[in-house]
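Okay, structure first, notes after.
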Amino acid sequence: SSQVYKGLDIITNKVTMEEQALCSHHMISFVEPLVKSYTIIDFRNQALSLISFMEYLNILQRKNMPIIVGGTNYYIESLLWKVLLDIKVRSCDEESLQNDKASMKANLENLDGLELHRRLTEVDPDMASMLHPHDKRKVSRSLQVFLDTGVPHSKLIKEQKLQAGGGDLGGPLRFDNLCIFWLHCDLKVLDQRLDKRVDEMLSAGLIEELKDFHRLYNEKKIKENNQDYQHGIFQSIGFKEFHDYLTVSVDAPEDMKTRLFQKGVELLKLATKRYARKQNKWVQNRFLNRPGSAVPPVYGLDVSDVTRWEESVLDPAIEILTSVMKGETPTAQPLRVKSEVMRNKRSRHVCDLCDKVIIGDLEWKAHLKSKKHVYHSKKKTRLTLEKDCKNDSVHSLPSTTEIQTEEITLC
């Protein structure tokens, strides 16, 4: 999602020119950094066009095989499954359409989450009930889908799920002959590698890269109070973490600059570890816990011990891939796909006690166990008991012994 943009080669961990010379790499460094309109749909469409071209070359006996490399698992999923909507807009004037969409998006971004959610409720109550009012990006996206097509977003998603091979999480797989390799390792080993990776980035000139990029693209935005770390390449892990260091005055004391630099390094290491865990969760939840038959085999390859790379990773991967290409069943067993009933990630729950809206079964269960909810629940129970006691005292006058017993019970 970040390597498509030009610049920040170190922080986005792009493959080196030497690595790119070993085989053809695509979808790297071709979008201008200030472009905010490049989306996952643009990525999907361009990548699928490349894959189709490779299939054409295969007919000519060129033996090209597309290998999709992560990264951003959401982007990978958009290629493997038909999970994104192919929106047919209501205009035939392309230039006018782009201007309208840009203006519409800008107008929506100026509204707060509650107003966006109110508007979505008016045109698509089903979708609004599945989205949290504070999830401004998704609410805005659903509103834009309706404004582009005239059809509720929820209806389009329902139609997609009803396609042959579709399921609860979207449409069917695009390809018949594919497999997924999940390179994973022990968390302690992973954390050590990620810390080392950040240190190597710093040695490779990360700070100089960030300073140059900030000067070329972000300095003017900050002066105009228009910086945005939620879109495009600016949301790359590492750029916003060094914001304070990059924007500190040149006249600031050296010890302050040193503290801000160290703070940036710590934040970068923390954010990198969090993202790695998020990636692992995604694989578990979307690739392994995905219900239905439309799940390609996922093979786990343990990369904890790199001294056993060929034995643990390379040789098994080649054997699996060779079998898949021949249409045979590999001797290695794929990771087991969990087929039990999935939790509803879009169920809506309202907690009157805490005055909160909770989306998702798992999130609701977590909320019920939270300290805040337990506190309010106990408080309500206590107030109810006190009220009942007062009502009882009005209708009947208990003896002194009974009053003392009641007080003891309440305590």
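By convention in this document, the chains of the structure tokens carry letters A, B, ... by their order, each chain's residues are numbered from 1, and ligands are numbered from 1 in the order they are shown.
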
A:Glu209: which residues within 9 Å, counting only C-alpha atoms, same-chain residues fewer than 2 positions away excluded, as number ranges by chain? A: 7-11, 205-207, 211-214

Hey, what's within 10 Å of A:Cys351 if we count only C-alpha atoms and toss same-chain stuff fewer than 5 positions away? As a ChimeraX atom specification, please? /A:356-358,364,367-368,373

Atom CA of A:Lys240 and atom CA of A:Gln262 are how many Å apart?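 Atom CA of A:Gln262 lies at a distance of 14.0 Å from atom CA of A:Lys240.
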
Quick check for you: according to DSSP on this backbone, which residues of stretch 147-272 of chain A are classed as strand (DSSP E)? Reply as a ChimeraX atom specification. /A:180-184

Within 12 Å of stretch 244-256 of chain A, counting only C-alpha atoms, which residues qualify if same-chain residues fewer than 3 places away don't, as a list in words?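 The contact residues come out as Ile207, Glu208, Glu209, Leu210, Lys211, Asp212, Phe213, His214, Arg215, Asn218, Glu219, Lys220, Lys221, Ile222, Lys223, Gln227, Gly238, Phe239, Lys240, Glu241, Arg259, Leu260, Phe261, Gln262, Lys263, Gly264, Val265 and Leu267 of chain A.
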
Would you output that residue set with N, CA, C and O atoms, as an mmCIF file, in the first residue's frame?
```cif
data_model
loop_
_atom_site.group_PDB
_atom_site.id
_atom_site.type_symbol
_atom_site.label_atom_id
_atom_site.label_comp_id
_atom_site.auth_asym_id
_atom_site.auth_seq_id
_atom_site.Cartn_x
_atom_site.Cartn_y
_atom_site.Cartn_z
ATOM 1 N N ILE A 207 17.039 8.762 8.437
ATOM 2 C CA ILE A 207 16.760 10.132 8.860
ATOM 3 C C ILE A 207 16.952 11.107 7.695
ATOM 4 O O ILE A 207 16.140 12.024 7.493
ATOM 5 N N GLU A 208 17.992 10.920 6.916
ATOM 6 C CA GLU A 208 18.217 11.787 5.758
ATOM 7 C C GLU A 208 17.068 11.658 4.761
ATOM 8 O O GLU A 208 16.612 12.657 4.190
ATOM 9 N N GLU A 209 16.583 10.421 4.574
ATOM 10 C CA GLU A 209 15.462 10.192 3.666
ATOM 11 C C GLU A 209 14.210 10.911 4.166
ATOM 12 O O GLU A 209 13.503 11.569 3.389
ATOM 13 N N LEU A 210 13.932 10.808 5.465
ATOM 14 C CA LEU A 210 12.758 11.459 6.037
ATOM 15 C C LEU A 210 12.858 12.975 5.939
ATOM 16 O O LEU A 210 11.875 13.663 5.622
ATOM 17 N N LYS A 211 14.050 13.526 6.216
ATOM 18 C CA LYS A 211 14.237 14.979 6.143
ATOM 19 C C LYS A 211 14.017 15.487 4.725
ATOM 20 O O LYS A 211 13.348 16.508 4.516
ATOM 21 N N ASP A 212 14.571 14.790 3.750
ATOM 22 C CA ASP A 212 14.407 15.210 2.357
ATOM 23 C C ASP A 212 12.952 15.146 1.938
ATOM 24 O O ASP A 212 12.434 16.060 1.279
ATOM 25 N N PHE A 213 12.276 14.057 2.313
ATOM 26 C CA PHE A 213 10.872 13.892 1.932
ATOM 27 C C PHE A 213 10.011 14.948 2.625
ATOM 28 O O PHE A 213 9.101 15.522 2.013
ATOM 29 N N HIS A 214 10.316 15.212 3.885
ATOM 30 C CA HIS A 214 9.572 16.232 4.630
ATOM 31 C C HIS A 214 9.754 17.604 3.972
ATOM 32 O O HIS A 214 8.785 18.361 3.801
ATOM 33 N N ARG A 215 10.972 17.914 3.585
ATOM 34 C CA ARG A 215 11.254 19.215 2.966
ATOM 35 C C ARG A 215 10.548 19.350 1.615
ATOM 36 O O ARG A 215 10.000 20.411 1.286
ATOM 37 N N ASN A 218 6.143 17.767 2.692
ATOM 38 C CA ASN A 218 5.308 17.929 3.882
ATOM 39 C C ASN A 218 5.453 19.285 4.569
ATOM 40 O O ASN A 218 4.568 19.700 5.306
ATOM 41 N N GLU A 219 6.560 19.968 4.345
ATOM 42 C CA GLU A 219 6.825 21.226 5.027
ATOM 43 C C GLU A 219 5.749 22.263 4.744
ATOM 44 O O GLU A 219 5.221 22.919 5.637
ATOM 45 N N LYS A 220 5.403 22.394 3.473
ATOM 46 C CA LYS A 220 4.391 23.372 3.067
ATOM 47 C C LYS A 220 3.029 23.016 3.669
ATOM 48 O O LYS A 220 2.282 23.883 4.118
ATOM 49 N N LYS A 221 2.711 21.718 3.702
ATOM 50 C CA LYS A 221 1.426 21.278 4.252
ATOM 51 C C LYS A 221 1.314 21.633 5.730
ATOM 52 O O LYS A 221 0.252 22.041 6.208
ATOM 53 N N ILE A 222 2.408 21.480 6.469
ATOM 54 C CA ILE A 222 2.376 21.771 7.899
ATOM 55 C C ILE A 222 2.190 23.267 8.132
ATOM 56 O O ILE A 222 1.439 23.682 9.011
ATOM 57 N N LYS A 223 2.872 24.101 7.334
ATOM 58 C CA LYS A 223 2.716 25.544 7.467
ATOM 59 C C LYS A 223 1.282 25.967 7.198
ATOM 60 O O LYS A 223 0.782 26.926 7.786
ATOM 61 N N GLN A 227 -1.406 19.115 7.034
ATOM 62 C CA GLN A 227 -0.740 17.826 6.980
ATOM 63 C C GLN A 227 -1.742 16.716 7.285
ATOM 64 O O GLN A 227 -2.678 16.914 8.049
ATOM 65 N N GLY A 238 6.596 5.146 10.402
ATOM 66 C CA GLY A 238 7.904 5.770 10.484
ATOM 67 C C GLY A 238 7.874 7.257 10.198
ATOM 68 O O GLY A 238 8.622 8.028 10.807
ATOM 69 N N PHE A 239 7.006 7.672 9.274
ATOM 70 C CA PHE A 239 6.980 9.092 8.923
ATOM 71 C C PHE A 239 6.349 9.923 10.039
ATOM 72 O O PHE A 239 6.936 10.892 10.520
ATOM 73 N N LYS A 240 5.157 9.543 10.449
ATOM 74 C CA LYS A 240 4.477 10.320 11.502
ATOM 75 C C LYS A 240 5.161 10.146 12.852
ATOM 76 O O LYS A 240 5.078 11.031 13.715
ATOM 77 N N GLU A 241 5.847 8.989 13.070
ATOM 78 C CA GLU A 241 6.515 8.770 14.353
ATOM 79 C C GLU A 241 7.651 9.780 14.577
ATOM 80 O O GLU A 241 7.994 10.102 15.720
ATOM 81 N N ARG A 259 16.394 14.023 22.360
ATOM 82 C CA ARG A 259 15.243 13.366 22.987
ATOM 83 C C ARG A 259 14.157 13.058 21.954
ATOM 84 O O ARG A 259 13.566 11.977 21.968
ATOM 85 N N LEU A 260 13.897 14.017 21.072
ATOM 86 C CA LEU A 260 12.870 13.807 20.048
ATOM 87 C C LEU A 260 13.289 12.715 19.067
ATOM 88 O O LEU A 260 12.446 11.944 18.600
ATOM 89 N N PHE A 261 14.573 12.653 18.776
ATOM 90 C CA PHE A 261 15.066 11.590 17.894
ATOM 91 C C PHE A 261 14.876 10.222 18.545
ATOM 92 O O PHE A 261 14.369 9.283 17.915
ATOM 93 N N GLN A 262 15.273 10.098 19.812
ATOM 94 C CA GLN A 262 15.125 8.828 20.517
ATOM 95 C C GLN A 262 13.657 8.440 20.654
ATOM 96 O O GLN A 262 13.291 7.263 20.534
ATOM 97 N N LYS A 263 12.795 9.434 20.876
ATOM 98 C CA LYS A 263 11.355 9.179 20.948
ATOM 99 C C LYS A 263 10.850 8.620 19.613
ATOM 100 O O LYS A 263 10.063 7.668 19.584
ATOM 101 N N GLY A 264 11.328 9.185 18.502
ATOM 102 C CA GLY A 264 10.930 8.698 17.189
ATOM 103 C C GLY A 264 11.364 7.260 16.956
ATOM 104 O O GLY A 264 10.604 6.446 16.408
ATOM 105 N N VAL A 265 12.584 6.933 17.379
ATOM 106 C CA VAL A 265 13.092 5.559 17.220
ATOM 107 C C VAL A 265 12.235 4.581 18.018
ATOM 108 O O VAL A 265 11.845 3.512 17.522
ATOM 109 N N LEU A 267 9.108 4.987 19.059
ATOM 110 C CA LEU A 267 7.769 4.900 18.466
ATOM 111 C C LEU A 267 7.779 4.058 17.198
ATOM 112 O O LEU A 267 6.837 3.291 16.938
#
```
